[in-house]
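Student: Quick one: this structure, given as structure tokens, is what I'll be asking you about.
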Amino acid sequence: MDDYFYQSLLLSVVAVALLQLLKLAMAPPRSPRPPAPPGPWKLPVIGSMHHLAKVLPHRALRDLARVHGPLMMLQLGQTPLVVASSKETARAVLKTHDSNFATRPKLLAGEIVGYEWADILFSPSGDYWRKLRQLCAAEILSPKRVLSFRRIREDEVMLRVEEIRAAGPSTPVNLSVLFHSLTNSIVSRATFGNKRKNAAEFLAATKAVVGLSSGFNIPDLFPAWTAVLAKVTGMTRSLRSIHRTVDSILEEIIQERRAIRAARLRSGAGGAENAADENLVDVLIGLQEKGGFGFHLSDSIIKAIILDMFAGGTGTSGSAMEWAMSELMRNPSAMKKLQAQVREAFRGKPAAVTEGDLQASDLRYLKLVIKEALRLHPPAPLLVPRESIQDCELDGYMIPAKSRVLINAWAIGRDPRYWGDDAEAFKPERFEDGAVDFTGGSYEFLPFGSGRRMCPGFNYGLASMELALAGLLYYFDWSLPEGVAEVDMDEAPGLGVRRRTPLILCATPFAA
């Protein structure tokens, strides 16, 4: 019996092998599959991770692209990472094949803190995300909504102006702290309606989750082992702690606003008077009651949207202001030109500079300065990671499904092929002809991305940036502290690319 069994097994194996060979021989010849993009050498298990250890990722990836080409692939653990470092490859990802690269990797931070990827930023591509984006574009991030918070921006900028005046010209001003305090306060008041006693705790939690959402954390690079590695490294514990903090604060705020809303309805109050005082939580609660969006706007989704507002509207805006002011201090001719324009426009104005003043004066050079600062220092130098949905041929190479895709906007914004030999220089005049803009159609200039996943709230940050810079340059002359010869432009580690050292300057009140 045993002999018969083994003979049958052997015959079966031989038969299957012969059938497979026959099938291969009779199959029509297949065209060769395009190769994967080139990339740096790899090590077992970790792949190319050692190339990004203890370096600034946007700079290291730019240097690797100079060797391997504008479309390259690294292997980070189990995750293929495709990096586009040219205008042409960025256009291919963000426009030509936008639908295939319109989803996000399911990072652990998005699951635990982001209410299972319910937010706009990390929600996977699909029907829910499209409807959520449409809702937010029409109700939360519209130009009308941005304009409705102008009084908050004006109040907060003038508060900082008065703080600087009160300190006196002999006291150095930490503009890094000032700018981040300004953006935090603006977003807090616009979202919650006031500054809360636990605002610092909430902002610290938001900053922590941003750091854990980079996609470069070890558990996110080994999808088959994410749960185990996140537990071993303590990432799960950290994220759950952050979630408890964020969720409890947001729950408290939502219940407070519901109670206020109910009291107003009972008293018969309403109309334009109360609409003018609405914050974003009020707007979202109203939308939840209204319904009819094709999905249920649950409390968890409201919380995820609010978290997005803080994650995307505080640190990045403050950092952009820091870099703009740093570049102006390093380029006295640009500072002089901009201050002259601002002071000519607002000459003799005793009261606060308002957004209405900005619109009436059309400070064109201010807009050029902001564009140039964003070119050299984009808020997200590698943009937010995307993920390929299916296999896709790109620039003659095959990009596998589930590949993580980064656009090195920082490298493209400094590429001499698009910006000339002075690509590293701060030169706002390069934008004078208006041919290049940040609205998503100029692939050599992508501070806010492009395509379906372009940053939907960039107008919020720009409004604050314009008013803050105009106010500080109108009311004060700025100089380096005694003993400081030049502005330190070194970057801090991390994906947000903040300044390594605080920007500390001396302010002398300007007598109009």
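Labels for the structure tokens follow display order: chains A, B, ..., residues from 1 in each chain, ligands from 1.
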Determine, counting only C-alpha atoms, which protein, DNA and RNA residues have an atom within 8 Å of an atom of A:Gln288; residues of the same chain fewer than 3 positions away are not included. Present the result as a PyMOL selection string.

Tutor: chain A and resi 284-285+291+296-298

Student: Atom CA of A:Pro143 and atom CA of A:Lys349 are how many Å apart?

Tutor: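 Atom-to-atom, atom CA of A:Pro143 and atom CA of A:Lys349 are spaced 27.2 Å apart.
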
Student: Tell me, in Å to one decimal, how far atom CA of A:Phe458 is from atom CA of A:Thr439.

Tutor: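 Computed distance, atom CA of A:Phe458 to atom CA of A:Thr439, equals 9.4 Å.
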
Student: If you count only C-alpha atoms, which residues fall within 8 Å of A:Thr191, apart from same-chain ones fewer than 3 positions away, as a PyMOL selection string?

Tutor: chain A and resi 187-188+279-281+306

Student: Mind checking DSSP for stretch 131-177 of chain A and telling me the alpha helix (DSSP H) residues as number ranges by chain?

Tutor: A: 131-139, 143-148, 150-167, 175-177

Student: Let me see the file: selected residues, N, CA and C atoms, as an mmCIF file, in the first residue's frame.

Tutor:
```cif
data_model
loop_
_atom_site.group_PDB
_atom_site.id
_atom_site.type_symbol
_atom_site.label_atom_id
_atom_site.label_comp_id
_atom_site.auth_asym_id
_atom_site.auth_seq_id
_atom_site.Cartn_x
_atom_site.Cartn_y
_atom_site.Cartn_z
ATOM 1 N N LYS A 131 -17.319 62.742 -0.929
ATOM 2 C CA LYS A 131 -18.437 63.492 -0.350
ATOM 3 C C LYS A 131 -17.968 64.379 0.803
ATOM 4 N N LEU A 132 -17.044 63.871 1.593
ATOM 5 C CA LEU A 132 -16.501 64.675 2.700
ATOM 6 C C LEU A 132 -15.742 65.881 2.156
ATOM 7 N N ARG A 133 -14.961 65.675 1.106
ATOM 8 C CA ARG A 133 -14.206 66.783 0.501
ATOM 9 C C ARG A 133 -15.163 67.838 -0.054
ATOM 10 N N GLN A 134 -16.232 67.403 -0.716
ATOM 11 C CA GLN A 134 -17.210 68.354 -1.262
ATOM 12 C C GLN A 134 -17.881 69.155 -0.146
ATOM 13 N N LEU A 135 -18.217 68.472 0.930
ATOM 14 C CA LEU A 135 -18.846 69.151 2.060
ATOM 15 C C LEU A 135 -17.908 70.200 2.658
ATOM 16 N N CYS A 136 -16.662 69.819 2.877
ATOM 17 C CA CYS A 136 -15.710 70.745 3.499
ATOM 18 C C CYS A 136 -15.376 71.912 2.578
ATOM 19 N N ALA A 137 -15.261 71.649 1.276
ATOM 20 C CA ALA A 137 -14.957 72.725 0.326
ATOM 21 C C ALA A 137 -16.074 73.753 0.290
ATOM 22 N N ALA A 138 -17.318 73.289 0.433
ATOM 23 C CA ALA A 138 -18.465 74.204 0.350
ATOM 24 C C ALA A 138 -18.757 74.901 1.672
ATOM 25 N N GLU A 139 -18.494 74.231 2.814
ATOM 26 C CA GLU A 139 -18.948 74.764 4.093
ATOM 27 C C GLU A 139 -17.835 75.154 5.065
ATOM 28 N N PRO A 143 -13.889 80.280 0.500
ATOM 29 C CA PRO A 143 -13.426 81.665 0.674
ATOM 30 C C PRO A 143 -14.323 82.485 1.591
ATOM 31 N N LYS A 144 -15.631 82.247 1.517
ATOM 32 C CA LYS A 144 -16.569 82.966 2.381
ATOM 33 C C LYS A 144 -16.296 82.656 3.845
ATOM 34 N N ARG A 145 -16.024 81.368 4.148
ATOM 35 C CA ARG A 145 -15.751 80.993 5.529
ATOM 36 C C ARG A 145 -14.423 81.585 5.994
ATOM 37 N N VAL A 146 -13.411 81.577 5.141
ATOM 38 C CA VAL A 146 -12.128 82.200 5.490
ATOM 39 C C VAL A 146 -12.338 83.671 5.824
ATOM 40 N N LEU A 147 -13.115 84.369 5.009
ATOM 41 C CA LEU A 147 -13.381 85.791 5.215
ATOM 42 C C LEU A 147 -14.125 86.039 6.520
ATOM 43 N N SER A 148 -14.977 85.089 6.914
ATOM 44 C CA SER A 148 -15.787 85.292 8.114
ATOM 45 C C SER A 148 -14.944 85.366 9.383
ATOM 46 N N ARG A 150 -12.003 87.017 9.585
ATOM 47 C CA ARG A 150 -11.016 88.088 9.440
ATOM 48 C C ARG A 150 -10.829 88.872 10.735
ATOM 49 N N ARG A 151 -11.916 89.093 11.487
ATOM 50 C CA ARG A 151 -11.805 89.866 12.731
ATOM 51 C C ARG A 151 -10.885 89.151 13.729
ATOM 52 N N ILE A 152 -10.957 87.830 13.762
ATOM 53 C CA ILE A 152 -10.083 87.067 14.658
ATOM 54 C C ILE A 152 -8.627 87.282 14.275
ATOM 55 N N ARG A 153 -8.334 87.180 12.979
ATOM 56 C CA ARG A 153 -6.948 87.369 12.527
ATOM 57 C C ARG A 153 -6.463 88.782 12.857
ATOM 58 N N GLU A 154 -7.308 89.775 12.614
ATOM 59 C CA GLU A 154 -6.918 91.167 12.885
ATOM 60 C C GLU A 154 -6.667 91.387 14.375
ATOM 61 N N ASP A 155 -7.540 90.847 15.222
ATOM 62 C CA ASP A 155 -7.367 90.986 16.677
ATOM 63 C C ASP A 155 -6.065 90.355 17.138
ATOM 64 N N GLU A 156 -5.810 89.135 16.672
ATOM 65 C CA GLU A 156 -4.631 88.404 17.144
ATOM 66 C C GLU A 156 -3.330 89.038 16.666
ATOM 67 N N VAL A 157 -3.306 89.555 15.439
ATOM 68 C CA VAL A 157 -2.102 90.233 14.946
ATOM 69 C C VAL A 157 -1.838 91.493 15.769
ATOM 70 N N MET A 158 -2.879 92.279 16.039
ATOM 71 C CA MET A 158 -2.685 93.516 16.803
ATOM 72 C C MET A 158 -2.302 93.228 18.254
ATOM 73 N N LEU A 159 -2.766 92.126 18.818
ATOM 74 C CA LEU A 159 -2.320 91.731 20.153
ATOM 75 C C LEU A 159 -0.809 91.523 20.180
ATOM 76 N N ARG A 160 -0.277 90.881 19.124
ATOM 77 C CA ARG A 160 1.174 90.655 19.058
ATOM 78 C C ARG A 160 1.920 91.963 18.855
ATOM 79 N N VAL A 161 1.365 92.860 18.065
ATOM 80 C CA VAL A 161 1.987 94.180 17.864
ATOM 81 C C VAL A 161 2.082 94.921 19.194
ATOM 82 N N GLU A 162 1.020 94.885 19.969
ATOM 83 C CA GLU A 162 1.024 95.571 21.262
ATOM 84 C C GLU A 162 1.985 94.910 22.241
ATOM 85 N N GLU A 163 2.115 93.588 22.183
ATOM 86 C CA GLU A 163 3.075 92.885 23.045
ATOM 87 C C GLU A 163 4.500 93.335 22.738
ATOM 88 N N ILE A 164 4.818 93.478 21.459
ATOM 89 C CA ILE A 164 6.156 93.901 21.058
ATOM 90 C C ILE A 164 6.399 95.339 21.507
ATOM 91 N N ARG A 165 5.424 96.202 21.326
ATOM 92 C CA ARG A 165 5.555 97.599 21.759
ATOM 93 C C ARG A 165 5.789 97.687 23.269
ATOM 94 N N ALA A 166 5.019 96.884 24.022
ATOM 95 C CA ALA A 166 5.118 96.929 25.478
ATOM 96 C C ALA A 166 6.476 96.448 25.969
ATOM 97 N N ALA A 167 7.078 95.512 25.254
ATOM 98 C CA ALA A 167 8.383 94.977 25.657
ATOM 99 C C ALA A 167 9.488 96.002 25.493
ATOM 100 N N LEU A 175 10.500 85.625 17.519
ATOM 101 C CA LEU A 175 9.456 85.562 16.498
ATOM 102 C C LEU A 175 8.983 84.140 16.242
ATOM 103 N N SER A 176 9.807 83.161 16.511
ATOM 104 C CA SER A 176 9.370 81.770 16.349
ATOM 105 C C SER A 176 8.214 81.481 17.294
ATOM 106 N N VAL A 177 8.377 81.859 18.563
ATOM 107 C CA VAL A 177 7.301 81.671 19.536
ATOM 108 C C VAL A 177 6.102 82.519 19.163
#
```

Student: Using only C-alpha atoms, determine which residues lie at most 10 Å from A:Val497, disregarding the query and same-chain residues fewer than 3 positions distant; provide the list as a list in words.

Tutor: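 Final neighbour list, sorted by chain and number: Leu56, Pro57, His58, Thr316, Ser319, Ala320, Trp323, His377, Pro378, Pro379, Ala380, Pro381, Asp490, Glu491, Ala492, Pro493, Gly494 and Arg500 of chain A.
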
Student: Skip A:Met321 itself and residues of its chain fewer than 5 positions away, then list as a PDB file with N, CA and C atoms, in the first residue's frame all residues within 12 Å of it, counting only C-alpha atoms.

Tutor:
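See part-v2.pdb below for the written result:
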```pdb
ATOM      1  N   LEU A 175      10.500  85.625  17.519  1.00  0.00           N
ATOM      2  CA  LEU A 175       9.456  85.562  16.498  1.00  0.00           C
ATOM      3  C   LEU A 175       8.983  84.140  16.242  1.00  0.00           C
ATOM      4  N   SER A 176       9.807  83.161  16.511  1.00  0.00           N
ATOM      5  CA  SER A 176       9.370  81.770  16.349  1.00  0.00           C
ATOM      6  C   SER A 176       8.214  81.481  17.294  1.00  0.00           C
ATOM      7  N   VAL A 177       8.377  81.859  18.563  1.00  0.00           N
ATOM      8  CA  VAL A 177       7.301  81.671  19.536  1.00  0.00           C
ATOM      9  C   VAL A 177       6.102  82.519  19.163  1.00  0.00           C
ATOM     10  N   LEU A 178       6.348  83.767  18.754  1.00  0.00           N
ATOM     11  CA  LEU A 178       5.248  84.675  18.418  1.00  0.00           C
ATOM     12  C   LEU A 178       4.413  84.145  17.258  1.00  0.00           C
ATOM     13  N   PHE A 179       5.065  83.697  16.184  1.00  0.00           N
ATOM     14  CA  PHE A 179       4.320  83.225  15.018  1.00  0.00           C
ATOM     15  C   PHE A 179       3.503  81.977  15.330  1.00  0.00           C
ATOM     16  N   HIS A 180       4.079  81.060  16.080  1.00  0.00           N
ATOM     17  CA  HIS A 180       3.342  79.829  16.393  1.00  0.00           C
ATOM     18  C   HIS A 180       2.212  80.107  17.384  1.00  0.00           C
ATOM     19  N   SER A 181       2.443  81.020  18.322  1.00  0.00           N
ATOM     20  CA  SER A 181       1.373  81.436  19.225  1.00  0.00           C
ATOM     21  C   SER A 181       0.239  82.096  18.451  1.00  0.00           C
ATOM     22  N   LEU A 182       0.599  82.916  17.469  1.00  0.00           N
ATOM     23  CA  LEU A 182      -0.393  83.607  16.647  1.00  0.00           C
ATOM     24  C   LEU A 182      -1.271  82.619  15.884  1.00  0.00           C
ATOM     25  N   THR A 183      -0.653  81.688  15.172  1.00  0.00           N
ATOM     26  CA  THR A 183      -1.435  80.739  14.370  1.00  0.00           C
ATOM     27  C   THR A 183      -2.265  79.811  15.252  1.00  0.00           C
ATOM     28  N   THR A 314      -1.728  75.048  12.016  1.00  0.00           N
ATOM     29  CA  THR A 314      -0.989  75.719  13.078  1.00  0.00           C
ATOM     30  C   THR A 314       0.518  75.687  12.816  1.00  0.00           C
ATOM     31  N   GLY A 315       1.123  74.515  12.970  1.00  0.00           N
ATOM     32  CA  GLY A 315       2.581  74.427  12.821  1.00  0.00           C
ATOM     33  C   GLY A 315       3.084  74.852  11.457  1.00  0.00           C
ATOM     34  N   THR A 316       2.392  74.441  10.401  1.00  0.00           N
ATOM     35  CA  THR A 316       2.870  74.764   9.052  1.00  0.00           C
ATOM     36  C   THR A 316       2.808  76.266   8.773  1.00  0.00           C
ATOM     37  N   SER A 326      12.816  85.247   8.097  1.00  0.00           N
ATOM     38  CA  SER A 326      14.249  84.924   8.067  1.00  0.00           C
ATOM     39  C   SER A 326      14.869  85.348   6.743  1.00  0.00           C
ATOM     40  N   GLU A 327      14.187  85.030   5.642  1.00  0.00           N
ATOM     41  CA  GLU A 327      14.713  85.384   4.323  1.00  0.00           C
ATOM     42  C   GLU A 327      14.761  86.907   4.124  1.00  0.00           C
ATOM     43  N   LEU A 328      13.756  87.615   4.637  1.00  0.00           N
ATOM     44  CA  LEU A 328      13.770  89.073   4.522  1.00  0.00           C
ATOM     45  C   LEU A 328      14.947  89.665   5.292  1.00  0.00           C
ATOM     46  N   VAL A 369       6.846  87.996  -2.220  1.00  0.00           N
ATOM     47  CA  VAL A 369       7.730  87.564  -1.129  1.00  0.00           C
ATOM     48  C   VAL A 369       7.217  86.252  -0.523  1.00  0.00           C
ATOM     49  N   ILE A 370       5.916  86.163  -0.316  1.00  0.00           N
ATOM     50  CA  ILE A 370       5.339  84.937   0.254  1.00  0.00           C
ATOM     51  C   ILE A 370       5.539  83.761  -0.695  1.00  0.00           C
ATOM     52  N   LYS A 371       5.319  83.973  -1.976  1.00  0.00           N
ATOM     53  CA  LYS A 371       5.548  82.894  -2.943  1.00  0.00           C
ATOM     54  C   LYS A 371       6.995  82.410  -2.916  1.00  0.00           C
ATOM     55  N   GLU A 372       7.927  83.356  -2.881  1.00  0.00           N
ATOM     56  CA  GLU A 372       9.337  82.969  -2.899  1.00  0.00           C
ATOM     57  C   GLU A 372       9.725  82.241  -1.615  1.00  0.00           C
ATOM     58  N   ALA A 373       9.174  82.669  -0.479  1.00  0.00           N
ATOM     59  CA  ALA A 373       9.444  81.973   0.780  1.00  0.00           C
ATOM     60  C   ALA A 373       8.888  80.548   0.739  1.00  0.00           C
ATOM     61  N   LEU A 374       7.710  80.380   0.158  1.00  0.00           N
ATOM     62  CA  LEU A 374       7.114  79.042   0.043  1.00  0.00           C
ATOM     63  C   LEU A 374       7.866  78.169  -0.957  1.00  0.00           C
ATOM     64  N   HIS A 377      10.991  77.173   1.067  1.00  0.00           N
ATOM     65  CA  HIS A 377      10.670  76.495   2.330  1.00  0.00           C
ATOM     66  C   HIS A 377       9.220  76.027   2.322  1.00  0.00           C
ATOM     67  N   PRO A 378       8.858  75.064   1.483  1.00  0.00           N
ATOM     68  CA  PRO A 378       7.465  74.580   1.457  1.00  0.00           C
ATOM     69  C   PRO A 378       7.075  73.993   2.815  1.00  0.00           C
ATOM     70  N   PRO A 379       5.853  74.214   3.270  1.00  0.00           N
ATOM     71  CA  PRO A 379       5.429  73.734   4.594  1.00  0.00           C
ATOM     72  C   PRO A 379       5.565  72.226   4.771  1.00  0.00           C
ATOM     73  N   GLY A 461      -4.183  79.642   5.864  1.00  0.00           N
ATOM     74  CA  GLY A 461      -2.828  80.005   6.255  1.00  0.00           C
ATOM     75  C   GLY A 461      -2.320  81.250   5.559  1.00  0.00           C
ATOM     76  N   LEU A 462      -2.633  81.398   4.281  1.00  0.00           N
ATOM     77  CA  LEU A 462      -2.164  82.565   3.530  1.00  0.00           C
ATOM     78  C   LEU A 462      -2.753  83.854   4.076  1.00  0.00           C
ATOM     79  N   ALA A 463      -4.029  83.830   4.470  1.00  0.00           N
ATOM     80  CA  ALA A 463      -4.666  85.038   5.006  1.00  0.00           C
ATOM     81  C   ALA A 463      -3.947  85.511   6.267  1.00  0.00           C
ATOM     82  N   SER A 464      -3.601  84.584   7.156  1.00  0.00           N
ATOM     83  CA  SER A 464      -2.891  84.942   8.387  1.00  0.00           C
ATOM     84  C   SER A 464      -1.483  85.427   8.077  1.00  0.00           C
ATOM     85  N   MET A 465      -0.829  84.782   7.146  1.00  0.00           N
ATOM     86  CA  MET A 465       0.555  85.120   6.806  1.00  0.00           C
ATOM     87  C   MET A 465       0.659  86.529   6.225  1.00  0.00           C
ATOM     88  N   GLU A 466      -0.233  86.871   5.315  1.00  0.00           N
ATOM     89  CA  GLU A 466      -0.206  88.200   4.701  1.00  0.00           C
ATOM     90  C   GLU A 466      -0.415  89.287   5.752  1.00  0.00           C
ATOM     91  N   LEU A 467      -1.410  89.123   6.611  1.00  0.00           N
ATOM     92  CA  LEU A 467      -1.727  90.143   7.596  1.00  0.00           C
ATOM     93  C   LEU A 467      -0.610  90.281   8.630  1.00  0.00           C
ATOM     94  N   ALA A 468      -0.066  89.157   9.097  1.00  0.00           N
ATOM     95  CA  ALA A 468       0.987  89.204  10.114  1.00  0.00           C
ATOM     96  C   ALA A 468       2.240  89.896   9.581  1.00  0.00           C
ATOM     97  N   LEU A 469       2.679  89.522   8.391  1.00  0.00           N
ATOM     98  CA  LEU A 469       3.890  90.137   7.833  1.00  0.00           C
ATOM     99  C   LEU A 469       3.680  91.624   7.558  1.00  0.00           C
ATOM    100  N   ALA A 470       2.527  91.972   7.008  1.00  0.00           N
ATOM    101  CA  ALA A 470       2.243  93.383   6.731  1.00  0.00           C
ATOM    102  C   ALA A 470       2.243  94.196   8.021  1.00  0.00           C
ATOM    103  N   LEU A 472       3.712  93.508  11.035  1.00  0.00           N
ATOM    104  CA  LEU A 472       5.031  93.595  11.675  1.00  0.00           C
ATOM    105  C   LEU A 472       5.983  94.505  10.899  1.00  0.00           C
ATOM    106  N   ARG A 498      11.107  72.874  10.337  1.00  0.00           N
ATOM    107  CA  ARG A 498      11.133  74.135  11.059  1.00  0.00           C
ATOM    108  C   ARG A 498      12.569  74.604  11.229  1.00  0.00           C
ATOM    109  N   ARG A 499      12.733  75.827  11.689  1.00  0.00           N
ATOM    110  CA  ARG A 499      14.071  76.338  11.972  1.00  0.00           C
ATOM    111  C   ARG A 499      14.696  75.544  13.117  1.00  0.00           C
ATOM    112  N   LEU A 503      14.028  82.233  15.793  1.00  0.00           N
ATOM    113  CA  LEU A 503      14.333  83.490  15.116  1.00  0.00           C
ATOM    114  C   LEU A 503      14.128  84.621  16.122  1.00  0.00           C
TER     115      LEU A 503
END
```

Student: Between A:Ser300, A:Gln359, A:Ser388, A:Ser479, which has the minimum distance to A:Ala118 (counting only C-alpha atoms)?

Tutor: A:Ser300

Student: Do you have the atom CA of A:Asn194-atom CA of A:Leu250 distance handy?

Tutor: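 Calculated distance between atom CA of A:Asn194 and atom CA of A:Leu250 is 13.5 Å.
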
Student: Check the DSSP output for the backbone and give back, as a VMD selection string, the residues of stretch 402-509 of chain A in strand (DSSP E).

Tutor: chain A and resid 404 to 407 476 to 479 504 to 509

Student: Residues at most 9 Å from A:Ala109, counting only C-alpha atoms, excluding those fewer than 6 positions away in the same chain, as a ChimeraX atom specification?

Tutor: /A:116-117,209-210,212-213,235-236,239
